>>> print(open('protein_28.pdb').read())   # PDB, N, CA and C atoms
ATOM      1  N   MET A   1      17.887  47.337 292.573
ATOM      2  CA  MET A   1      17.844  47.670 291.170
ATOM      3  C   MET A   1      16.710  46.900 290.509
ATOM      4  N   GLN A   2      15.912  47.591 289.792
ATOM      5  CA  GLN A   2      14.757  46.994 289.131
ATOM      6  C   GLN A   2      15.162  46.373 287.792
ATOM      7  N   LYS A   3      14.658  45.178 287.538
ATOM      8  CA  LYS A   3      14.945  44.503 286.277
ATOM      9  C   LYS A   3      14.041  45.043 285.180
ATOM     10  N   THR A   4      14.556  44.985 283.975
ATOM     11  CA  THR A   4      13.737  45.344 282.826
ATOM     12  C   THR A   4      12.945  44.116 282.386
ATOM     13  N   LYS A   5      11.976  44.341 281.536
ATOM     14  CA  LYS A   5      11.184  43.233 281.003
ATOM     15  C   LYS A   5      12.098  42.246 280.270
ATOM     16  N   TYR A   6      13.055  42.786 279.534
ATOM     17  CA  TYR A   6      14.011  41.950 278.798
ATOM     18  C   TYR A   6      14.819  41.073 279.755
ATOM     19  N   GLU A   7      15.321  41.638 280.834
ATOM     20  CA  GLU A   7      16.116  40.881 281.808
ATOM     21  C   GLU A   7      15.283  39.787 282.467
ATOM     22  N   ILE A   8      14.032  40.093 282.770
ATOM     23  CA  ILE A   8      13.132  39.096 283.358
ATOM     24  C   ILE A   8      12.943  37.929 282.388
ATOM     25  N   GLU A   9      12.707  38.259 281.123
ATOM     26  CA  GLU A   9      12.513  37.228 280.099
ATOM     27  C   GLU A   9      13.780  36.383 279.920
ATOM     28  N   MET A  10      14.925  37.040 279.898
ATOM     29  CA  MET A  10      16.195  36.321 279.710
ATOM     30  C   MET A  10      16.498  35.398 280.895
ATOM     31  N   ASP A  11      16.263  35.880 282.108
ATOM     32  CA  ASP A  11      16.486  35.034 283.290
ATOM     33  C   ASP A  11      15.578  33.808 283.261
ATOM     34  N   PHE A  12      14.327  34.008 282.888
ATOM     35  CA  PHE A  12      13.375  32.904 282.810
ATOM     36  C   PHE A  12      13.815  31.900 281.739
ATOM     37  N   THR A  13      14.186  32.409 280.575
ATOM     38  CA  THR A  13      14.629  31.546 279.478
ATOM     39  C   THR A  13      15.867  30.752 279.872
ATOM     40  N   ARG A  14      16.805  31.402 280.561
ATOM     41  CA  ARG A  14      18.029  30.735 281.012
ATOM     42  C   ARG A  14      17.704  29.613 282.004
ATOM     43  N   ALA A  15      16.806  29.880 282.930
ATOM     44  CA  ALA A  15      16.433  28.863 283.921
ATOM     45  C   ALA A  15      15.765  27.667 283.249
ATOM     46  N   ILE A  16      14.866  27.931 282.316
ATOM     47  CA  ILE A  16      14.185  26.836 281.608
ATOM     48  C   ILE A  16      15.191  26.037 280.786
ATOM     49  N   SER A  17      16.147  26.715 280.189
ATOM     50  CA  SER A  17      17.195  26.036 279.420
ATOM     51  C   SER A  17      18.040  25.130 280.324
ATOM     52  N   GLN A  18      18.355  25.596 281.510
ATOM     53  CA  GLN A  18      19.124  24.787 282.460
ATOM     54  C   GLN A  18      18.317  23.563 282.898
ATOM     55  N   ALA A  19      17.033  23.758 283.118
ATOM     56  CA  ALA A  19      16.178  22.624 283.483
ATOM     57  C   ALA A  19      16.157  21.591 282.348
ATOM     58  N   GLN A  20      16.070  22.073 281.120
ATOM     59  CA  GLN A  20      16.065  21.164 279.967
ATOM     60  C   GLN A  20      17.381  20.402 279.866
ATOM     61  N   GLU A  21      18.482  21.070 280.145
ATOM     62  CA  GLU A  21      19.785  20.401 280.144
ATOM     63  C   GLU A  21      19.830  19.272 281.160
ATOM     64  N   LEU A  22      19.318  19.536 282.360
ATOM     65  CA  LEU A  22      19.288  18.495 283.395
ATOM     66  C   LEU A  22      18.389  17.334 282.978
ATOM     67  N   GLU A  23      17.263  17.637 282.358
ATOM     68  CA  GLU A  23      16.369  16.575 281.887
ATOM     69  C   GLU A  23      17.051  15.726 280.819
ATOM     70  N   ASN A  24      17.795  16.370 279.930
ATOM     71  CA  ASN A  24      18.530  15.622 278.904
ATOM     72  C   ASN A  24      19.596  14.727 279.537
ATOM     73  N   LEU A  25      20.306  15.246 280.530
ATOM     74  CA  LEU A  25      21.302  14.435 281.242
ATOM     75  C   LEU A  25      20.639  13.238 281.922
ATOM     76  N   ALA A  26      19.502  13.482 282.559
ATOM     77  CA  ALA A  26      18.782  12.391 283.231
ATOM     78  C   ALA A  26      18.349  11.325 282.225
ATOM     79  N   ASP A  27      17.852  11.750 281.074
ATOM     80  CA  ASP A  27      17.455  10.791 280.034
ATOM     81  C   ASP A  27      18.655   9.969 279.561
ATOM     82  N   ASN A  28      19.785  10.639 279.357
ATOM     83  CA  ASN A  28      20.996   9.934 278.911
ATOM     84  C   ASN A  28      21.463   8.929 279.957
ATOM     85  N   LEU A  29      21.447   9.334 281.222
ATOM     86  CA  LEU A  29      21.840   8.401 282.283
ATOM     87  C   LEU A  29      20.916   7.187 282.322
ATOM     88  N   SER A  30      19.635   7.416 282.189
ATOM     89  CA  SER A  30      18.676   6.303 282.198
ATOM     90  C   SER A  30      18.928   5.351 281.037
ATOM     91  N   ARG A  31      19.213   5.918 279.867
ATOM     92  CA  ARG A  31      19.505   5.068 278.704
ATOM     93  C   ARG A  31      20.775   4.247 278.929
ATOM     94  N   ILE A  32      21.784   4.889 279.508
ATOM     95  CA  ILE A  32      23.040   4.177 279.791
ATOM     96  C   ILE A  32      22.786   3.037 280.775
ATOM     97  N   ALA A  33      22.037   3.336 281.827
ATOM     98  CA  ALA A  33      21.748   2.303 282.831
ATOM     99  C   ALA A  33      20.927   1.179 282.219
ATOM    100  N   ASN A  34      20.011   1.541 281.350
ATOM    101  CA  ASN A  34      19.094   0.555 280.768
ATOM    102  C   ASN A  34      19.792  -0.356 279.769
ATOM    103  N   SER A  35      20.633   0.197 278.924
ATOM    104  CA  SER A  35      21.234  -0.635 277.885
ATOM    105  C   SER A  35      22.721  -0.881 278.105
ATOM    106  N   GLY A  36      23.475   0.176 278.311
ATOM    107  CA  GLY A  36      24.933   0.040 278.407
ATOM    108  C   GLY A  36      25.392  -0.802 279.572
ATOM    109  N   VAL A  37      24.929  -0.493 280.751
ATOM    110  CA  VAL A  37      25.368  -1.213 281.946
ATOM    111  C   VAL A  37      24.835  -2.642 281.923
ATOM    112  N   GLU A  38      23.580  -2.800 281.523
ATOM    113  CA  GLU A  38      22.986  -4.142 281.486
ATOM    114  C   GLU A  38      23.738  -5.061 280.530
ATOM    115  N   SER A  39      24.072  -4.555 279.350
ATOM    116  CA  SER A  39      24.789  -5.413 278.394
ATOM    117  C   SER A  39      26.209  -5.711 278.884
ATOM    118  N   ALA A  40      26.846  -4.731 279.518
ATOM    119  CA  ALA A  40      28.181  -4.974 280.071
ATOM    120  C   ALA A  40      28.129  -6.026 281.172
ATOM    121  N   LEU A  41      27.098  -5.966 282.008
ATOM    122  CA  LEU A  41      26.952  -6.958 283.075
ATOM    123  C   LEU A  41      26.728  -8.355 282.500
ATOM    124  N   LEU A  42      25.960  -8.434 281.440
ATOM    125  CA  LEU A  42      25.699  -9.725 280.816
ATOM    126  C   LEU A  42      26.992 -10.322 280.254
ATOM    127  N   VAL A  43      27.783  -9.506 279.580
ATOM    128  CA  VAL A  43      29.064  -9.976 279.044
ATOM    129  C   VAL A  43      29.974 -10.420 280.182
ATOM    130  N   LEU A  44      30.040  -9.617 281.228
ATOM    131  CA  LEU A  44      30.889  -9.945 282.375
ATOM    132  C   LEU A  44      30.440 -11.248 283.034
ATOM    133  N   LYS A  45      29.132 -11.361 283.222
ATOM    134  CA  LYS A  45      28.589 -12.560 283.864
ATOM    135  C   LYS A  45      28.892 -13.814 283.044
ATOM    136  N   ASN A  46      28.741 -13.713 281.721
ATOM    137  CA  ASN A  46      28.983 -14.862 280.847
ATOM    138  C   ASN A  46      30.469 -15.183 280.700
ATOM    139  N   SER A  47      31.338 -14.194 280.919
ATOM    140  CA  SER A  47      32.773 -14.389 280.744
ATOM    141  C   SER A  47      33.494 -14.753 282.032
ATOM    142  N   TRP A  48      32.907 -14.422 283.153
ATOM    143  CA  TRP A  48      33.602 -14.588 284.434
ATOM    144  C   TRP A  48      33.541 -16.037 284.899
ATOM    145  N   ARG A  49      34.655 -16.500 285.358
ATOM    146  CA  ARG A  49      34.723 -17.848 285.912
ATOM    147  C   ARG A  49      35.142 -17.726 287.371
ATOM    148  N   GLY A  50      34.463 -18.421 288.226
ATOM    149  CA  GLY A  50      34.854 -18.407 289.630
ATOM    150  C   GLY A  50      33.751 -17.878 290.517
ATOM    151  N   ASP A  51      34.081 -17.839 291.815
ATOM    152  CA  ASP A  51      33.097 -17.478 292.829
ATOM    153  C   ASP A  51      32.764 -15.989 292.871
ATOM    154  N   ALA A  52      33.633 -15.147 292.353
ATOM    155  CA  ALA A  52      33.423 -13.701 292.450
ATOM    156  C   ALA A  52      32.368 -13.189 291.466
ATOM    157  N   GLY A  53      31.941 -14.020 290.550
ATOM    158  CA  GLY A  53      30.965 -13.603 289.549
ATOM    159  C   GLY A  53      29.690 -13.051 290.155
ATOM    160  N   GLY A  54      29.205 -13.692 291.193
ATOM    161  CA  GLY A  54      27.972 -13.232 291.852
ATOM    162  C   GLY A  54      28.143 -11.883 292.509
ATOM    163  N   SER A  55      29.282 -11.666 293.154
ATOM    164  CA  SER A  55      29.507 -10.374 293.815
ATOM    165  C   SER A  55      29.706  -9.262 292.798
ATOM    166  N   ILE A  56      30.313  -9.588 291.666
ATOM    167  CA  ILE A  56      30.477  -8.592 290.606
ATOM    168  C   ILE A  56      29.111  -8.219 290.035
ATOM    169  N   GLU A  57      28.267  -9.219 289.853
ATOM    170  CA  GLU A  57      26.921  -8.940 289.345
ATOM    171  C   GLU A  57      26.139  -8.082 290.338
ATOM    172  N   LEU A  58      26.262  -8.392 291.610
ATOM    173  CA  LEU A  58      25.584  -7.616 292.646
ATOM    174  C   LEU A  58      26.072  -6.169 292.654
ATOM    175  N   ALA A  59      27.372  -5.974 292.547
ATOM    176  CA  ALA A  59      27.933  -4.621 292.495
ATOM    177  C   ALA A  59      27.438  -3.882 291.256
ATOM    178  N   GLY A  60      27.337  -4.593 290.150
ATOM    179  CA  GLY A  60      26.819  -3.990 288.925
ATOM    180  C   GLY A  60      25.371  -3.568 289.073
ATOM    181  N   ARG A  61      24.577  -4.391 289.720
ATOM    182  CA  ARG A  61      23.161  -4.057 289.944
ATOM    183  C   ARG A  61      23.035  -2.820 290.841
ATOM    184  N   LYS A  62      23.905  -2.753 291.849
ATOM    185  CA  LYS A  62      23.889  -1.592 292.747
ATOM    186  C   LYS A  62      24.255  -0.329 291.977
ATOM    187  N   THR A  63      25.261  -0.439 291.123
ATOM    188  CA  THR A  63      25.680   0.707 290.313
ATOM    189  C   THR A  63      24.556   1.149 289.390
ATOM    190  N   THR A  64      23.867   0.201 288.782
ATOM    191  CA  THR A  64      22.734   0.530 287.923
ATOM    192  C   THR A  64      21.651   1.258 288.713
ATOM    193  N   ALA A  65      21.352   0.766 289.901
ATOM    194  CA  ALA A  65      20.343   1.418 290.744
ATOM    195  C   ALA A  65      20.777   2.835 291.114
ATOM    196  N   ASP A  66      22.077   3.012 291.389
ATOM    197  CA  ASP A  66      22.604   4.341 291.702
ATOM    198  C   ASP A  66      22.451   5.291 290.515
ATOM    199  N   ILE A  67      22.701   4.783 289.323
ATOM    200  CA  ILE A  67      22.563   5.612 288.123
ATOM    201  C   ILE A  67      21.106   6.037 287.948
ATOM    202  N   TYR A  68      20.183   5.095 288.113
ATOM    203  CA  TYR A  68      18.755   5.437 288.008
ATOM    204  C   TYR A  68      18.348   6.465 289.066
ATOM    205  N   ARG A  69      18.868   6.306 290.265
ATOM    206  CA  ARG A  69      18.549   7.235 291.353
ATOM    207  C   ARG A  69      19.083   8.640 291.039
ATOM    208  N   THR A  70      20.278   8.696 290.493
ATOM    209  CA  THR A  70      20.863   9.976 290.111
ATOM    210  C   THR A  70      20.034  10.637 289.009
ATOM    211  N   ALA A  71      19.612   9.850 288.034
ATOM    212  CA  ALA A  71      18.765  10.384 286.961
ATOM    213  C   ALA A  71      17.460  10.923 287.532
ATOM    214  N   ASP A  72      16.886  10.206 288.470
ATOM    215  CA  ASP A  72      15.644  10.662 289.110
ATOM    216  C   ASP A  72      15.870  11.964 289.879
ATOM    217  N   ASP A  73      16.994  12.046 290.574
ATOM    218  CA  ASP A  73      17.327  13.273 291.308
ATOM    219  C   ASP A  73      17.486  14.459 290.355
ATOM    220  N   LEU A  74      18.127  14.228 289.214
ATOM    221  CA  LEU A  74      18.278  15.300 288.222
ATOM    222  C   LEU A  74      16.924  15.766 287.705
ATOM    223  N   MET A  75      16.010  14.829 287.493
ATOM    224  CA  MET A  75      14.660  15.201 287.038
ATOM    225  C   MET A  75      13.940  16.033 288.104
ATOM    226  N   LYS A  76      14.112  15.665 289.364
ATOM    227  CA  LYS A  76      13.493  16.430 290.445
ATOM    228  C   LYS A  76      14.049  17.850 290.504
ATOM    229  N   VAL A  77      15.353  17.980 290.346
ATOM    230  CA  VAL A  77      15.977  19.306 290.348
ATOM    231  C   VAL A  77      15.450  20.128 289.170
ATOM    232  N   ALA A  78      15.339  19.498 288.019
ATOM    233  CA  ALA A  78      14.821  20.199 286.837
ATOM    234  C   ALA A  78      13.390  20.679 287.082
ATOM    235  N   ARG A  79      12.564  19.834 287.687
ATOM    236  CA  ARG A  79      11.176  20.245 287.998
ATOM    237  C   ARG A  79      11.168  21.416 288.975
ATOM    238  N   ASN A  80      12.047  21.363 289.969
ATOM    239  CA  ASN A  80      12.128  22.463 290.934
ATOM    240  C   ASN A  80      12.592  23.760 290.276
ATOM    241  N   ILE A  81      13.551  23.654 289.371
ATOM    242  CA  ILE A  81      14.007  24.844 288.651
ATOM    243  C   ILE A  81      12.856  25.434 287.844
ATOM    244  N   ARG A  82      12.138  24.577 287.123
ATOM    245  CA  ARG A  82      11.009  25.055 286.320
ATOM    246  C   ARG A  82       9.949  25.724 287.196
ATOM    247  N   SER A  83       9.627  25.089 288.293
ATOM    248  CA  SER A  83       8.604  25.621 289.194
ATOM    249  C   SER A  83       9.040  26.957 289.792
ATOM    250  N   THR A  84      10.270  27.005 290.279
ATOM    251  CA  THR A  84      10.789  28.237 290.879
ATOM    252  C   THR A  84      10.893  29.349 289.833
ATOM    253  N   ALA A  85      11.377  29.001 288.652
ATOM    254  CA  ALA A  85      11.495  29.990 287.577
ATOM    255  C   ALA A  85      10.130  30.569 287.227
ATOM    256  N   ASP A  86       9.126  29.715 287.186
ATOM    257  CA  ASP A  86       7.772  30.179 286.871
ATOM    258  C   ASP A  86       7.252  31.142 287.947
ATOM    259  N   LEU A  87       7.460  30.777 289.207
ATOM    260  CA  LEU A  87       7.010  31.648 290.308
ATOM    261  C   LEU A  87       7.732  32.992 290.290
ATOM    262  N   VAL A  88       9.040  32.954 290.125
ATOM    263  CA  VAL A  88       9.832  34.193 290.106
ATOM    264  C   VAL A  88       9.444  35.039 288.898
ATOM    265  N   TYR A  89       9.280  34.395 287.753
ATOM    266  CA  TYR A  89       8.891  35.106 286.533
ATOM    267  C   TYR A  89       7.566  35.847 286.736
ATOM    268  N   LYS A  90       6.590  35.140 287.261
ATOM    269  CA  LYS A  90       5.275  35.759 287.481
ATOM    270  C   LYS A  90       5.359  36.905 288.495
ATOM    271  N   ALA A  91       6.147  36.702 289.561
ATOM    272  CA  ALA A  91       6.280  37.738 290.593
ATOM    273  C   ALA A  91       6.995  38.971 290.032
ATOM    274  N   GLU A  92       8.058  38.743 289.276
ATOM    275  CA  GLU A  92       8.789  39.872 288.719
ATOM    276  C   GLU A  92       7.967  40.630 287.679
ATOM    277  N   LYS A  93       7.215  39.884 286.876
ATOM    278  CA  LYS A  93       6.351  40.548 285.878
ATOM    279  C   LYS A  93       5.258  41.361 286.581
ATOM    280  N   ALA A  94       4.699  40.815 287.654
ATOM    281  CA  ALA A  94       3.669  41.549 288.398
ATOM    282  C   ALA A  94       4.260  42.801 289.034
ATOM    283  N   ALA A  95       5.447  42.685 289.602
ATOM    284  CA  ALA A  95       6.118  43.845 290.196
ATOM    285  C   ALA A  95       6.421  44.894 289.143
ATOM    286  N   LEU A  96       6.837  44.466 287.985
ATOM    287  CA  LEU A  96       7.133  45.398 286.893
ATOM    288  C   LEU A  96       5.865  46.125 286.448
ATOM    289  N   ASN A  97       4.763  45.387 286.373
ATOM    290  CA  ASN A  97       3.492  45.997 285.977
ATOM    291  C   ASN A  97       3.007  47.005 287.016
ATOM    292  N   LEU A  98       3.282  46.773 288.280
ATOM    293  CA  LEU A  98       2.879  47.695 289.334
ATOM    294  C   LEU A  98       3.646  49.016 289.234
ATOM    295  N   CYS A  99       4.872  48.922 288.744
ATOM    296  CA  CYS A  99       5.716  50.123 288.639
ATOM    297  C   CYS A  99       5.330  51.005 287.461
ATOM    298  N   TYR A 100       4.604  50.462 286.514
ATOM    299  CA  TYR A 100       4.271  51.236 285.317
ATOM    300  C   TYR A 100       2.809  51.475 285.190
TER     301      TYR A 100
END
>>> encode(input="protein_28.pdb", output="structure tokens")
Amino acid sequence: MQKTKYEIEMDFTRAISQAQELENLADNLSRIANSGVESALLVLKNSWRGDAGGSIELAGRKTTADIYRTADDLMKVARNIRSTADLVYKAEKAALNLCY
């Protein structure tokens, strides 16, 4: 079944919107890792008494790194969606032009 010009445009717009959503999520995760987790770790470190404080801090640092890695992965997926959407959009528009 051949897509109409409208359907091609809507699919492209939807894909770009999804990529933007992922980019927004990645930005939010980075902000959380940068400020929220860091400040929580500082409070925990200053409040904790005993030998486990170092291991808790280490676990917190690992969690922060995981959050940053997840944000980076989301950005990569968003870039791939944008790139793929652009290629498909151009191919579908070219195919549509060939038919008319």
>>> atom_distance(input="protein_28.pdb", atom1="atom N of Val37 (chain A)", atom2="CA of Arg79 (chain A)")
25.9 Å
>>> atom_distance(input="protein_28.pdb", atom1="atom C of Gln18 (chain A)", atom2="CA of Met75 (chain A)")
10.0 Å
>>> residues_around(input="protein_28.pdb", residues="Thr63 (chain A)", least_positions_apart="5", cutoff="8 Å", atoms="all atoms listed in the file", output="list of chain:residue names")
A:Ala33, A:Val37, A:Glu57, A:Leu58, A:Tyr68, A:Arg69
>>> closest_residue(input="protein_28.pdb", among="A:Arg61, A:Asn97, A:Ile81, A:Glu92", to="Ile16 (chain A)", atoms="only N, CA and C atoms")
A:Ile81
>>> residues_around(input="protein_28.pdb", residues="region 21-30 of chain A", least_positions_apart="3", cutoff="8 Å", atoms="all atoms listed in the file", output="ChimeraX atom specification")
/A:15-18,33-36,67-68,70-79
>>> atom_distance(input="protein_28.pdb", atom1="atom C of Tyr6 (chain A)", atom2="CA of Asn80 (chain A)")
21.9 Å
>>> axis_aligned_box(input="protein_28.pdb", around="region 24-38 of chain A", padding_each_side="6 Å", output="JSON")
{"center_x": 21.4, "center_y": 5.7, "center_z": 280.6, "size_x": 19.9, "size_y": 33.4, "size_z": 17.3}
>>> closest_residue(input="protein_28.pdb", among="A:Leu42, A:Ile32, A:Ala95, A:Ala19", to="Thr4 (chain A)", atoms="only C-alpha atoms")
A:Ala95
>>> residues_around(input="protein_28.pdb", residues="Lys5 (chain A)", least_positions_apart="6", cutoff="12 Å", atoms="only C-alpha atoms", output="PyMOL selection string")
chain A and resi 11-12+89-90+92-97+99-100
>>> write_last_selection(input="protein_28.pdb", atoms="N, CA and C atoms", output="tab-separated table (two decimals), in the frame of the given file")
chain	number	residue	atom	x	y	z
A	11	ASP	N	16.26	35.88	282.11
A	11	ASP	CA	16.49	35.03	283.29
A	11	ASP	C	15.58	33.81	283.26
A	12	PHE	N	14.33	34.01	282.89
A	12	PHE	CA	13.38	32.90	282.81
A	12	PHE	C	13.82	31.90	281.74
A	89	TYR	N	9.28	34.40	287.75
A	89	TYR	CA	8.89	35.11	286.53
A	89	TYR	C	7.57	35.85	286.74
A	90	LYS	N	6.59	35.14	287.26
A	90	LYS	CA	5.28	35.76	287.48
A	90	LYS	C	5.36	36.90	288.50
A	92	GLU	N	8.06	38.74	289.28
A	92	GLU	CA	8.79	39.87	288.72
A	92	GLU	C	7.97	40.63	287.68
A	93	LYS	N	7.22	39.88	286.88
A	93	LYS	CA	6.35	40.55	285.88
A	93	LYS	C	5.26	41.36	286.58
A	94	ALA	N	4.70	40.82	287.65
A	94	ALA	CA	3.67	41.55	288.40
A	94	ALA	C	4.26	42.80	289.03
A	95	ALA	N	5.45	42.68	289.60
A	95	ALA	CA	6.12	43.84	290.20
A	95	ALA	C	6.42	44.89	289.14
A	96	LEU	N	6.84	44.47	287.98
A	96	LEU	CA	7.13	45.40	286.89
A	96	LEU	C	5.86	46.12	286.45
A	97	ASN	N	4.76	45.39	286.37
A	97	ASN	CA	3.49	46.00	285.98
A	97	ASN	C	3.01	47.00	287.02
A	99	CYS	N	4.87	48.92	288.74
A	99	CYS	CA	5.72	50.12	288.64
A	99	CYS	C	5.33	51.00	287.46
A	100	TYR	N	4.60	50.46	286.51
A	100	TYR	CA	4.27	51.24	285.32
A	100	TYR	C	2.81	51.48	285.19
>>> select_by_dssp(input="protein_28.pdb", residues="chain A", states="alpha helix (DSSP H)", output="VMD selection string")
chain A and resid 5 to 31 38 to 47 53 to 99
